[in-house]
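Structure data (compact mmCIF, C-alpha atoms and all ligand atoms) from start_31.txt:
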# COMPACT_ATOMS: atom_id res chain seq x y z
CA MET V 1 -101.89 -2.19 26.52
CA LEU V 2 -99.05 -4.49 25.41
CA THR V 3 -98.95 -5.35 21.73
CA LEU V 4 -96.68 -8.23 21.03
CA GLN V 5 -96.06 -8.82 17.34
CA ALA V 6 -94.74 -12.01 15.75
CA HIS V 7 -92.30 -12.42 12.84
CA VAL V 8 -91.55 -8.73 12.35
CA ASP V 9 -89.42 -7.43 9.48
CA LEU V 10 -86.74 -5.11 10.92
CA THR V 11 -85.13 -4.16 7.60
CA ALA V 12 -86.58 -0.65 7.77
CA ALA V 13 -85.79 -0.43 11.50
CA ASN V 14 -82.00 -0.39 10.96
CA THR V 15 -80.32 2.40 9.01
CA LEU V 16 -77.97 -0.06 7.23
CA ARG V 17 -81.11 -1.80 5.92
CA LEU V 18 -79.68 -5.24 6.64
CA PRO V 19 -82.46 -7.81 6.27
CA CYS V 20 -83.61 -9.11 9.65
CA TYR V 21 -86.68 -10.83 11.08
CA ALA V 22 -87.53 -10.76 14.77
CA GLU V 23 -89.37 -13.78 16.15
CA ARG V 24 -91.25 -11.38 18.47
CA PHE V 25 -91.25 -7.59 18.71
CA MET V 26 -92.64 -5.02 21.12
CA ALA V 27 -92.30 -1.24 21.46
CA PRO V 28 -93.41 -0.40 25.03
CA GLN V 29 -94.42 3.24 25.54
CA THR V 30 -94.45 3.28 29.33
CA LEU V 31 -92.17 2.05 32.08
CA CYS V 32 -94.95 -0.27 33.31
CA ASP V 33 -95.37 -1.89 29.90
CA LEU V 34 -91.62 -2.33 29.60
CA GLN V 35 -91.39 -3.95 33.04
CA ALA V 36 -94.33 -6.24 32.23
CA ILE V 37 -92.82 -7.51 28.98
CA LEU V 38 -89.41 -8.03 30.60
CA ARG V 39 -91.02 -10.14 33.33
CA ARG V 40 -92.92 -12.15 30.73
CA ALA V 41 -89.72 -12.66 28.70
CA ALA V 42 -87.99 -13.92 31.86
CA VAL V 43 -90.80 -16.40 32.61
CA CYS V 44 -90.91 -17.64 29.01
CA GLN V 45 -87.09 -17.63 28.79
CA TRP V 46 -87.09 -15.54 25.60
CA PRO V 47 -83.67 -14.03 24.84
CA VAL V 48 -84.08 -10.22 24.81
CA THR V 49 -82.53 -7.98 22.14
CA LEU V 50 -82.78 -4.20 22.55
CA LEU V 51 -83.12 -1.88 19.60
CA GLY V 52 -83.13 1.93 19.54
CA GLY V 53 -83.12 3.90 16.31
CA GLY V 54 -81.17 1.06 14.64
CA SER V 55 -78.41 3.44 13.53
CA ASN V 56 -75.45 1.72 15.16
CA VAL V 57 -76.19 -2.00 14.98
CA LEU V 58 -75.37 -4.87 12.64
CA LEU V 59 -78.44 -7.11 12.60
CA PRO V 60 -78.39 -10.82 11.68
CA PRO V 61 -81.01 -12.30 9.31
CA GLN V 62 -82.97 -13.80 12.26
CA LEU V 63 -83.35 -12.73 15.89
CA SER V 64 -85.02 -15.32 18.10
CA GLY V 65 -86.72 -14.50 21.39
CA ILE V 66 -87.99 -10.94 21.60
CA VAL V 67 -86.77 -7.61 20.24
CA ILE V 68 -87.78 -4.68 22.46
CA ARG V 69 -87.64 -1.10 21.25
CA PRO V 70 -88.23 1.24 24.23
CA SER V 71 -90.60 3.93 22.94
CA LEU V 72 -90.91 6.25 25.94
CA HIS V 73 -91.45 9.58 24.22
CA GLN V 74 -91.89 12.10 27.06
CA TRP V 75 -89.31 14.75 27.87
CA TRP V 76 -89.39 17.86 30.07
CA LEU V 77 -87.15 20.57 31.49
CA GLU V 78 -86.61 21.62 35.10
CA SER V 79 -84.98 25.06 35.52
CA GLN V 80 -83.15 26.54 38.48
CA GLY V 81 -81.88 29.98 37.50
CA ASP V 82 -79.65 29.50 34.47
CA ASP V 83 -79.26 25.77 35.11
CA VAL V 84 -81.58 23.43 33.29
CA VAL V 85 -82.00 19.68 33.72
CA ALA V 86 -83.65 17.82 30.85
CA TYR V 87 -85.35 14.49 31.61
CA VAL V 88 -85.66 12.59 28.35
CA GLY V 89 -87.39 9.29 27.54
CA ALA V 90 -85.34 6.63 25.76
CA GLY V 91 -87.56 6.67 22.67
CA VAL V 92 -87.09 10.38 21.88
CA ASN V 93 -85.21 10.99 18.63
CA TRP V 94 -81.82 12.47 19.59
CA HIS V 95 -81.59 15.03 16.79
CA SER V 96 -85.15 16.31 17.42
CA LEU V 97 -84.26 16.80 21.08
CA VAL V 98 -81.06 18.71 20.20
CA MET V 99 -82.94 21.04 17.84
CA ALA V 100 -85.78 21.59 20.35
CA LEU V 101 -83.30 22.48 23.12
CA ALA V 102 -81.29 24.76 20.82
CA ALA V 103 -84.46 26.53 19.68
CA ARG V 104 -85.30 27.22 23.35
CA GLY V 105 -81.86 28.79 23.89
CA VAL V 106 -80.66 25.89 26.06
CA TRP V 107 -76.90 25.16 25.75
CA GLY V 108 -75.12 21.82 25.96
CA THR V 109 -76.07 19.46 23.15
CA GLU V 110 -75.87 21.76 20.08
CA ASN V 111 -72.58 20.23 18.79
CA LEU V 112 -74.29 16.83 18.72
CA ALA V 113 -76.91 17.81 16.12
CA LEU V 114 -77.87 15.35 13.36
CA ILE V 115 -76.48 12.28 15.12
CA PRO V 116 -79.04 9.62 14.24
CA GLY V 117 -80.70 7.32 16.76
CA HIS V 118 -82.78 7.36 19.92
CA CYS V 119 -81.79 9.01 23.21
CA GLY V 120 -81.74 5.64 24.99
CA ALA V 121 -78.89 4.47 22.77
CA ALA V 122 -76.80 7.63 23.19
CA PRO V 123 -75.06 6.56 26.45
CA VAL V 124 -74.20 3.08 25.14
CA GLN V 125 -71.48 4.39 22.84
CA ASN V 126 -71.16 7.82 24.49
CA ILE V 127 -72.04 9.61 21.24
CA GLY V 128 -69.69 12.42 20.31
CA ALA V 129 -68.96 14.95 17.61
CA TYR V 130 -67.26 18.34 17.11
CA GLY V 131 -65.45 18.31 20.44
CA VAL V 132 -68.39 17.30 22.68
CA GLU V 133 -69.39 13.91 24.04
CA LEU V 134 -72.63 12.92 25.73
CA LYS V 135 -70.73 12.35 29.02
CA ASP V 136 -69.99 16.11 29.15
CA VAL V 137 -73.69 16.86 29.77
CA LEU V 138 -75.04 13.64 31.27
CA LEU V 139 -76.07 13.67 34.93
CA GLY V 140 -77.41 10.15 35.06
CA VAL V 141 -79.46 7.44 33.39
CA GLN V 142 -82.52 5.55 34.54
CA VAL V 143 -82.23 1.83 33.78
CA VAL V 144 -84.47 -1.22 34.14
CA GLU V 145 -82.86 -4.60 34.77
CA ILE V 146 -83.75 -7.13 32.10
CA ALA V 147 -83.75 -10.09 34.49
CA SER V 148 -85.94 -8.58 37.22
CA GLY V 149 -87.75 -5.60 35.66
CA ASN V 150 -86.48 -3.44 38.57
CA MET V 151 -85.75 0.24 37.94
CA ARG V 152 -82.86 2.33 39.31
CA TRP V 153 -80.80 5.44 38.51
CA MET V 154 -77.07 5.36 37.70
CA SER V 155 -74.81 8.40 37.96
CA ALA V 156 -72.66 9.37 34.96
CA ALA V 157 -69.55 8.23 36.87
CA GLU V 158 -71.05 4.74 37.31
CA CYS V 159 -71.45 4.46 33.52
CA GLN V 160 -67.62 4.45 33.03
CA PHE V 161 -67.65 6.46 29.83
CA GLY V 162 -64.74 6.40 27.40
CA TYR V 163 -64.29 7.18 23.71
CA ARG V 164 -67.33 5.53 22.09
CA ASP V 165 -67.48 3.29 25.14
CA SER V 166 -69.37 2.69 28.41
CA LEU V 167 -70.29 0.00 30.92
CA PHE V 168 -73.35 -0.72 28.73
CA LYS V 169 -70.98 -2.34 26.19
CA HIS V 170 -69.26 -4.45 28.87
CA ALA V 171 -70.50 -5.52 32.33
CA LEU V 172 -74.04 -4.22 31.67
CA ALA V 173 -74.32 -5.44 28.04
CA ASN V 174 -77.70 -7.18 27.67
CA ARG V 175 -78.36 -6.67 31.38
CA VAL V 176 -80.27 -3.36 31.48
CA VAL V 177 -82.60 -1.24 29.36
CA ILE V 178 -81.87 2.50 29.41
CA THR V 179 -85.25 4.18 29.89
CA GLN V 180 -84.50 7.84 30.67
CA LEU V 181 -81.59 10.33 30.57
CA ALA V 182 -81.02 13.32 32.84
CA LEU V 183 -78.94 16.00 31.08
CA ARG V 184 -77.29 18.96 32.80
CA LEU V 185 -77.75 21.98 30.50
CA SER V 186 -77.65 25.75 30.82
CA ARG V 187 -79.16 29.00 29.58
CA GLN V 188 -75.75 30.67 29.86
CA SER V 189 -73.85 31.10 26.63
CA ASN V 190 -71.12 28.45 26.36
CA PRO V 191 -70.09 27.88 22.73
CA LYS V 192 -67.60 25.04 22.05
CA LEU V 193 -66.07 25.91 18.71
CA HIS V 194 -62.54 24.52 18.89
CA TYR V 195 -63.12 21.54 16.58
CA GLY V 196 -62.11 21.96 12.93
CA ASP V 197 -63.45 25.04 11.20
CA LEU V 198 -66.69 25.24 13.23
CA SER V 199 -65.86 28.75 14.56
CA SER V 200 -65.65 30.16 11.03
CA ARG V 201 -69.16 28.90 10.28
CA VAL V 202 -71.05 30.78 13.02
CA PRO V 203 -71.50 34.45 13.95
CA SER V 204 -69.20 35.91 16.66
CA GLN V 205 -71.84 35.62 19.42
CA PRO V 206 -73.64 32.49 18.28
CA THR V 207 -76.86 31.07 19.66
CA PRO V 208 -77.06 27.31 20.32
CA LEU V 209 -79.37 27.13 17.31
CA ALA V 210 -76.76 28.78 15.03
CA ILE V 211 -74.18 26.19 16.18
CA ALA V 212 -76.58 23.27 15.75
CA GLU V 213 -77.39 24.48 12.23
CA ALA V 214 -73.69 24.89 11.36
CA VAL V 215 -73.01 21.33 12.61
CA CYS V 216 -75.92 20.05 10.49
CA ALA V 217 -74.45 21.80 7.43
CA VAL V 218 -70.99 20.23 7.98
CA ARG V 219 -72.47 16.76 8.54
CA ARG V 220 -74.83 16.99 5.57
CA ALA V 221 -71.90 17.95 3.31
CA LYS V 222 -69.92 14.79 4.03
CA LEU V 223 -72.09 12.17 5.69
CA PRO V 224 -74.67 10.28 3.64
CA ASP V 225 -78.32 10.58 4.73
CA PRO V 226 -79.38 7.05 5.80
CA ALA V 227 -82.85 7.71 4.34
CA VAL V 228 -81.20 7.99 0.90
CA LEU V 229 -78.16 5.67 1.16
CA ALA V 230 -78.14 3.02 3.89
CA ASN V 231 -75.29 3.46 6.40
CA ALA V 232 -74.50 3.47 10.14
CA GLY V 233 -72.36 6.63 10.37
CA SER V 234 -68.72 5.97 11.24
CA PHE V 235 -68.20 2.25 10.70
CA PHE V 236 -64.81 2.19 12.44
CA LYS V 237 -63.57 3.75 15.66
CA ASN V 238 -60.58 6.05 15.39
CA PRO V 239 -57.69 3.80 16.47
CA LEU V 240 -55.33 4.50 19.35
CA VAL V 241 -51.64 3.70 18.86
CA SER V 242 -48.50 4.10 20.98
CA GLN V 243 -46.39 7.24 20.64
CA ALA V 244 -43.55 5.20 19.09
CA HIS V 245 -45.89 3.73 16.47
CA ALA V 246 -47.31 7.18 15.65
CA GLU V 247 -43.77 8.62 15.32
CA ARG V 248 -42.75 5.87 12.88
CA LEU V 249 -45.85 6.55 10.76
CA LEU V 250 -45.38 10.35 10.94
CA HIS V 251 -41.83 9.95 9.66
CA GLN V 252 -43.27 8.30 6.54
CA TYR V 253 -46.52 10.34 6.35
CA PRO V 254 -45.83 13.81 7.84
CA ALA V 255 -49.35 15.01 6.96
CA MET V 256 -51.11 12.22 8.91
CA PRO V 257 -53.80 13.63 11.27
CA HIS V 258 -53.02 12.63 14.87
CA PHE V 259 -54.37 13.67 18.26
CA SER V 260 -52.58 13.18 21.60
CA GLN V 261 -54.73 11.63 24.31
CA PRO V 262 -54.56 12.26 28.07
CA ASP V 263 -53.16 8.73 28.63
CA GLY V 264 -50.20 9.36 26.26
CA LYS V 265 -51.66 7.32 23.39
CA ILE V 266 -52.14 8.88 19.96
CA LYS V 267 -55.52 8.78 18.19
CA LEU V 268 -55.36 8.43 14.41
CA ALA V 269 -58.14 9.22 11.91
CA ALA V 270 -59.52 5.93 10.56
CA GLY V 271 -61.07 7.81 7.61
CA TRP V 272 -57.67 9.18 6.63
CA LEU V 273 -56.01 5.75 6.88
CA ILE V 274 -58.68 4.14 4.68
CA ASP V 275 -58.50 7.06 2.26
CA GLN V 276 -54.69 6.66 1.97
CA CYS V 277 -55.19 3.00 0.99
CA GLY V 278 -57.09 4.30 -2.06
CA LEU V 279 -60.37 2.80 -0.85
CA LYS V 280 -62.55 5.94 -0.75
CA GLY V 281 -65.42 5.32 -3.16
CA TRP V 282 -64.48 1.63 -3.58
CA ARG V 283 -67.52 -0.54 -4.23
CA GLU V 284 -67.89 -4.27 -4.47
CA GLY V 285 -71.29 -5.90 -4.84
CA SER V 286 -73.79 -4.60 -2.30
CA PHE V 287 -71.36 -2.54 -0.19
CA GLY V 288 -69.01 0.38 -0.61
CA VAL V 289 -66.76 2.90 1.11
CA HIS V 290 -68.55 6.26 0.97
CA ALA V 291 -67.08 8.61 -1.65
CA GLN V 292 -67.03 11.71 0.63
CA GLN V 293 -66.08 10.14 3.98
CA ALA V 294 -64.02 6.96 3.97
CA LEU V 295 -65.03 6.17 7.56
CA VAL V 296 -68.58 5.37 6.46
CA LEU V 297 -69.52 2.08 4.79
CA VAL V 298 -72.68 2.13 2.69
CA HIS V 299 -75.14 -0.57 1.64
CA PHE V 300 -76.50 -0.28 -1.90
CA GLY V 301 -79.07 -3.04 -1.31
CA GLY V 302 -79.23 -6.81 -1.66
CA GLY V 303 -76.57 -7.56 0.98
CA ASP V 304 -76.71 -8.99 4.48
CA ARG V 305 -74.65 -8.83 7.66
CA ALA V 306 -72.22 -11.60 6.63
CA GLY V 307 -71.52 -9.76 3.35
CA LEU V 308 -70.96 -6.48 5.16
CA LEU V 309 -68.59 -8.05 7.68
CA GLN V 310 -66.62 -9.63 4.81
CA PHE V 311 -66.40 -6.26 3.04
CA ALA V 312 -65.34 -4.52 6.27
CA GLU V 313 -62.68 -7.18 6.85
CA ARG V 314 -61.07 -6.28 3.52
CA VAL V 315 -60.88 -2.63 4.58
CA VAL V 316 -59.39 -3.65 7.96
CA SER V 317 -56.84 -5.87 6.26
CA ALA V 318 -55.77 -3.15 3.75
CA VAL V 319 -55.21 -0.64 6.58
CA ASN V 320 -53.34 -3.26 8.60
CA THR V 321 -51.04 -4.07 5.67
CA HIS V 322 -50.29 -0.38 4.95
CA PHE V 323 -50.02 1.02 8.46
CA GLY V 324 -49.84 -1.90 10.92
CA VAL V 325 -52.99 -0.50 12.57
CA GLU V 326 -56.00 -2.70 13.43
CA LEU V 327 -59.35 -0.95 12.89
CA GLU V 328 -62.31 -1.93 15.06
CA PRO V 329 -65.93 -1.65 13.93
CA GLU V 330 -68.01 0.90 15.84
CA PRO V 331 -71.57 -0.51 15.40
CA ARG V 332 -72.64 -3.32 17.71
CA VAL V 333 -72.93 -6.80 16.27
CA LEU V 334 -76.23 -8.09 17.68
N1 LIG R 401 -60.15 12.22 6.62
C1 LIG R 401 -59.63 11.92 5.38
N2 LIG R 401 -60.39 11.18 4.52
C2 LIG R 401 -61.63 10.76 4.82
C3 LIG R 401 -62.17 11.07 6.09
C4 LIG R 401 -61.40 11.81 6.98
O1 LIG R 401 -58.50 12.28 5.06
O2 LIG R 401 -62.24 10.11 3.98
C5 LIG R 401 -59.36 13.02 7.57
C6 LIG R 401 -59.97 14.42 7.71
O3 LIG R 401 -59.49 15.30 6.76
C7 LIG R 401 -59.52 14.82 9.10
C8 LIG R 401 -59.48 13.49 9.85
O4 LIG R 401 -59.44 12.47 8.86
O5 LIG R 401 -58.22 15.35 9.07
C9 LIG R 401 -60.65 13.34 10.80
O6 LIG R 401 -61.86 13.43 10.05
P1 LIG R 401 -63.20 14.14 10.61
O7 LIG R 401 -62.89 15.43 11.23
O8 LIG R 401 -64.17 14.07 9.51
O9 LIG R 401 -63.70 13.26 11.82
P2 LIG R 401 -63.67 11.72 12.01
O10 LIG R 401 -62.56 11.37 12.94
O11 LIG R 401 -63.66 11.08 10.69
C10 LIG R 401 -65.26 11.65 14.10
C11 LIG R 401 -66.43 10.82 14.56
C12 LIG R 401 -67.71 11.26 13.86
C13 LIG R 401 -67.92 12.74 14.19
C14 LIG R 401 -66.70 13.51 13.69
C15 LIG R 401 -66.78 14.98 14.03
C16 LIG R 401 -65.54 8.65 15.13
C17 LIG R 401 -65.38 7.22 14.75
N3 LIG R 401 -66.18 9.42 14.28
O12 LIG R 401 -65.09 11.39 12.71
O13 LIG R 401 -68.78 10.51 14.40
O14 LIG R 401 -69.10 13.22 13.59
O15 LIG R 401 -65.51 13.02 14.33
O16 LIG R 401 -66.60 15.16 15.39
O17 LIG R 401 -65.09 9.04 16.21
C18 LIG R 401 -70.24 8.67 14.08
O18 LIG R 401 -69.82 8.23 15.15
O19 LIG R 401 -71.12 8.03 13.40
C19 LIG R 401 -69.68 9.89 13.56
C20 LIG R 401 -70.02 10.36 12.39

Written form, structure tokens:
Amino acid sequence: MLTLQAHVDLTAANTLRLPCYAERFMAPQTLCDLQAILRRAAVCQWPVTLLGGGSNVLLPPQLSGIVIRPSLHQWWLESQGDDVVAYVGAGVNWHSLVMALAARGVWGTENLALIPGHCGAAPVQNIGAYGVELKDVLLGVQVVEIASGNMRWMSAAECQFGYRDSLFKHALANRVVITQLALRLSRQSNPKLHYGDLSSRVPSQPTPLAIAEAVCAVRRAKLPDPAVLANAGSFFKNPLVSQAHAERLLHQYPAMPHFSQPDGKIKLAAGWLIDQCGLKGWREGSFGVHAQQALVLVHFGGGDRAGLLQFAERVVSAVNTHFGVELEPEPRVL
């Protein structure tokens, strides 16, 4: 049964709590319902906006056409010896999935605990944390074309994953709905503990659950809980600069965190750059730079997307003036 709602308030459906009304809204729970509403949207020529957990989007005050939130909630495991493939519906909460897999002794996603959002959104920005990215465990994604309602599978290679990037942000932006993920996991112990001080926080032969819990503890200590203080996680991507640029900056700031990339570029820590500009904890009006993690912008209430973009622009401009580095927002501007 399709339930199409009109004039729906999406303020509580985005973790930044930006005020937004959708002209129409639907949360299909099956592939058939999704295909039916896409075909209707095509006939009626309604522009389609897709929403997952709302944790990485910047919503405008009004969205015309139809907002669709895929709510396919089934997931299951198929085992072959130690290998496990998880098939996961787009509407499953990512963190719940990670904890359920870890509790079953299945390895692969434990470093990605406590990342907010729905599984269907995870491939869009190739979510990553503590040395693991979604692409490391993704076999493929099932997608439905918005224009035709047709379903197909894409391999991980076809998705062209990069750092917080994929084809879903470029050629396939607003063209497909991600409906299911296939993840390649394992029952064989495979801890990835090289990032930061993660190894000192777990026992010497950790279970996936011990690692997931350690990651949760680290994240809780420095990232604000969106249920308490509205935010969208990292607001900026970590910028890439040339080796020459990094060397000039390192001459002036020898303690600057920097990470060499396979392509020769150097990744800098946006949080560190913002912090060095003295902006950590800075607040103006409805928005602020989080006091524990300068990479996160927070919304204290009463603001909207235009106000947030203005606030972010001042952070970008301060970092540009100090370091000659241009920060790019991570959340998608819908
Ligand atoms: N730093 C500061 N001041 C700050 C924040 C960071 O000096 O206010 C320094 C830290 O001391 C560290 C460096 O910057 O030397 C990097 O910081 P951190 O290890 O906290 O990681 P990050 O680069 O800030 C990235 C991801 C996070 C992910 C963490 C852990 C991006 C944009 N962010 O943050 O992802 O959880 O690594 O892997 O890549 C998210 O995408 O929403 C997110 C939280």

Can you tell me how far CA of Arg220 (chain V) sits from CA of Leu50 (chain V), in Å to one decimal?
28.3 Å

Rows by chain and residue number, chain V within 6 Å of ligand LIG 401 (chain R), shortest pair, only C-alpha atoms and all ligand atoms, as a Markdown table:
| residue | atom | partner | partner_atom | distance |
| --- | --- | --- | --- | --- |
| V:Ala129 | CA | R:LIG401 | O16 | 3.2 |
| V:Tyr130 | CA | R:LIG401 | O16 | 3.7 |
| V:Gly233 | CA | R:LIG401 | O19 | 3.6 |
| V:Ser234 | CA | R:LIG401 | O19 | 3.8 |
| V:Phe236 | CA | R:LIG401 | C17 | 5.6 |
| V:Lys237 | CA | R:LIG401 | C17 | 4.0 |
| V:Asn238 | CA | R:LIG401 | C17 | 5.0 |
| V:Pro257 | CA | R:LIG401 | O5 | 5.2 |
| V:Ala269 | CA | R:LIG401 | O4 | 4.6 |
| V:Gly271 | CA | R:LIG401 | C3 | 3.8 |
| V:Trp272 | CA | R:LIG401 | O1 | 3.6 |
| V:Asp275 | CA | R:LIG401 | N2 | 5.1 |
| V:Gln293 | CA | R:LIG401 | O2 | 3.8 |
| V:Ala294 | CA | R:LIG401 | O2 | 3.6 |
| V:Leu295 | CA | R:LIG401 | C3 | 5.9 |

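Near region 57-68 of chain V, within 6 Å and counting all atoms listed in the file, sit Pro19, Cys20, Tyr21, Ala22, Glu23, Arg24, Phe25, Met26, Ala27, Trp46, Pro47, Val48, Thr49, Leu50, Gly54, Arg305, Pro331, Arg332, Val333 and Leu334 of chain V, not including residues fewer than 2 positions from it in the same chain.
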
Would you list the contacts of Val141 (chain V) as a list of chain:residue names, taking every protein, DNA or RNA residue within 9 Å and counting only C-alpha atoms, but skipping same-chain residues closer than 4 positions in sequence?
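Residues near the query, excluding close chain neighbours: V:Gly120, V:Pro123, V:Arg152, V:Trp153, V:Met154, V:Ser155, V:Ala156, V:Cys159, V:Ile178, V:Thr179, V:Gln180, V:Leu181, V:Ala182, V:Leu183.
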
So that I have them on file, write out the residues from the current selection with C-alpha atoms, as a short mmCIF file (atom, residue, chain, number, x, y, z; two decimals), keeping the file's coordinate frame.
data_model
loop_
_atom_site.label_atom_id
_atom_site.label_comp_id
_atom_site.auth_asym_id
_atom_site.auth_seq_id
_atom_site.Cartn_x
_atom_site.Cartn_y
_atom_site.Cartn_z
CA GLY V 120 -81.74 5.64 24.99
CA PRO V 123 -75.06 6.56 26.45
CA ARG V 152 -82.86 2.33 39.31
CA TRP V 153 -80.80 5.44 38.51
CA MET V 154 -77.07 5.36 37.70
CA SER V 155 -74.81 8.40 37.96
CA ALA V 156 -72.66 9.37 34.96
CA CYS V 159 -71.45 4.46 33.52
CA ILE V 178 -81.87 2.50 29.41
CA THR V 179 -85.25 4.18 29.89
CA GLN V 180 -84.50 7.84 30.67
CA LEU V 181 -81.59 10.33 30.57
CA ALA V 182 -81.02 13.32 32.84
CA LEU V 183 -78.94 16.00 31.08
#

Tell me which protein, DNA and RNA residues are within 12 Å of Ala100 (chain V), counting all atoms listed in the file, leaving out same-chain ones fewer than 6 positions away, and put them as a list in words.
Trp75, Trp76, Leu77, Ala86, Val92, Asn93, Trp94, Val106, Trp107, Thr109, Glu110, Ala113, Pro208, Leu209 and Ala212 of chain V

Each residue of region 62-173 of chain V lying at most 10 Å from region 186-192 of chain V should get a row with its shortest atom-to-atom pair and the distance in Å to one decimal, counting all atoms listed in the file; could you produce that, ordered by chain and increasing number, as JSON lines?
{"residue": "V:Ser79", "atom": "CA", "partner": "V:Ser186", "partner_atom": "CA", "distance": 8.7}
{"residue": "V:Gln80", "atom": "CA", "partner": "V:Ser186", "partner_atom": "CA", "distance": 9.5}
{"residue": "V:Gly81", "atom": "CA", "partner": "V:Arg187", "partner_atom": "CA", "distance": 8.4}
{"residue": "V:Asp82", "atom": "CA", "partner": "V:Arg187", "partner_atom": "CA", "distance": 4.9}
{"residue": "V:Asp83", "atom": "CA", "partner": "V:Ser186", "partner_atom": "CA", "distance": 4.6}
{"residue": "V:Val84", "atom": "CA", "partner": "V:Ser186", "partner_atom": "CA", "distance": 5.2}
{"residue": "V:Val85", "atom": "CA", "partner": "V:Ser186", "partner_atom": "CA", "distance": 8.0}
{"residue": "V:Ala86", "atom": "CA", "partner": "V:Ser186", "partner_atom": "CA", "distance": 9.9}
{"residue": "V:Ala102", "atom": "CA", "partner": "V:Arg187", "partner_atom": "CA", "distance": 10.0}
{"residue": "V:Arg104", "atom": "CA", "partner": "V:Arg187", "partner_atom": "CA", "distance": 8.9}
{"residue": "V:Gly105", "atom": "CA", "partner": "V:Arg187", "partner_atom": "CA", "distance": 6.3}
{"residue": "V:Val106", "atom": "CA", "partner": "V:Arg187", "partner_atom": "CA", "distance": 4.9}
{"residue": "V:Trp107", "atom": "CA", "partner": "V:Ser186", "partner_atom": "CA", "distance": 5.2}
{"residue": "V:Gly108", "atom": "CA", "partner": "V:Ser186", "partner_atom": "CA", "distance": 6.7}
{"residue": "V:Glu110", "atom": "CA", "partner": "V:Pro191", "partner_atom": "CA", "distance": 8.8}
{"residue": "V:Asn111", "atom": "CA", "partner": "V:Lys192", "partner_atom": "CA", "distance": 7.7}
{"residue": "V:Tyr130", "atom": "CA", "partner": "V:Lys192", "partner_atom": "CA", "distance": 8.3}
{"residue": "V:Gly131", "atom": "CA", "partner": "V:Lys192", "partner_atom": "CA", "distance": 7.2}
{"residue": "V:Val132", "atom": "CA", "partner": "V:Lys192", "partner_atom": "CA", "distance": 7.8}
{"residue": "V:Val137", "atom": "CA", "partner": "V:Ser186", "partner_atom": "CA", "distance": 9.8}

Go ahead and dump the residues you just picked, C-alpha atoms, as an mmCIF file, in the coordinates of the input.
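Result file is result.cif:
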data_model
loop_
_atom_site.group_PDB
_atom_site.id
_atom_site.type_symbol
_atom_site.label_atom_id
_atom_site.label_comp_id
_atom_site.auth_asym_id
_atom_site.auth_seq_id
_atom_site.Cartn_x
_atom_site.Cartn_y
_atom_site.Cartn_z
ATOM 1 C CA SER V 79 -84.980 25.060 35.520
ATOM 2 C CA GLN V 80 -83.150 26.540 38.480
ATOM 3 C CA GLY V 81 -81.880 29.980 37.500
ATOM 4 C CA ASP V 82 -79.650 29.500 34.470
ATOM 5 C CA ASP V 83 -79.260 25.770 35.110
ATOM 6 C CA VAL V 84 -81.580 23.430 33.290
ATOM 7 C CA VAL V 85 -82.000 19.680 33.720
ATOM 8 C CA ALA V 86 -83.650 17.820 30.850
ATOM 9 C CA ALA V 102 -81.290 24.760 20.820
ATOM 10 C CA ARG V 104 -85.300 27.220 23.350
ATOM 11 C CA GLY V 105 -81.860 28.790 23.890
ATOM 12 C CA VAL V 106 -80.660 25.890 26.060
ATOM 13 C CA TRP V 107 -76.900 25.160 25.750
ATOM 14 C CA GLY V 108 -75.120 21.820 25.960
ATOM 15 C CA GLU V 110 -75.870 21.760 20.080
ATOM 16 C CA ASN V 111 -72.580 20.230 18.790
ATOM 17 C CA TYR V 130 -67.260 18.340 17.110
ATOM 18 C CA GLY V 131 -65.450 18.310 20.440
ATOM 19 C CA VAL V 132 -68.390 17.300 22.680
ATOM 20 C CA VAL V 137 -73.690 16.860 29.770
#

If I take CA of Arg314 (chain V) and CA of Leu18 (chain V), how far is one from the other in Å, to one decimal?
18.9 Å

Is there a way to get, as a ChimeraX atom specification, all residues within 12 Å of the point (-91.5, -10.1, 34.8) in file coordinates, counting all atoms listed in the file?
/V:32-46,144-150

Do you know which residues lie at most 6 Å from (-61.7, 2.1, 2.8), with coordinates as in the file and only C-alpha atoms counted, and could you write them as a PDB file with C-alpha atoms, in the coordinates of the input?
ATOM      1  CA  ILE V 274     -58.680   4.140   4.680  1.00  0.00           C
ATOM      2  CA  ASP V 275     -58.500   7.060   2.260  1.00  0.00           C
ATOM      3  CA  LEU V 279     -60.370   2.800  -0.850  1.00  0.00           C
ATOM      4  CA  LYS V 280     -62.550   5.940  -0.750  1.00  0.00           C
ATOM      5  CA  VAL V 289     -66.760   2.900   1.110  1.00  0.00           C
ATOM      6  CA  ALA V 294     -64.020   6.960   3.970  1.00  0.00           C
ATOM      7  CA  VAL V 315     -60.880  -2.630   4.580  1.00  0.00           C
TER       8      VAL V 315
END

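Pairwise distance (CA of Arg201 (chain V), CA of Pro116 (chain V)) equals 22.0 Å.
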
Calculated over all atoms listed in the file, which of the candidates V:Asn174, V:Pro226, V:Gly301, V:Glu284 has the smallest distance to Asn14 (chain V)?
V:Pro226
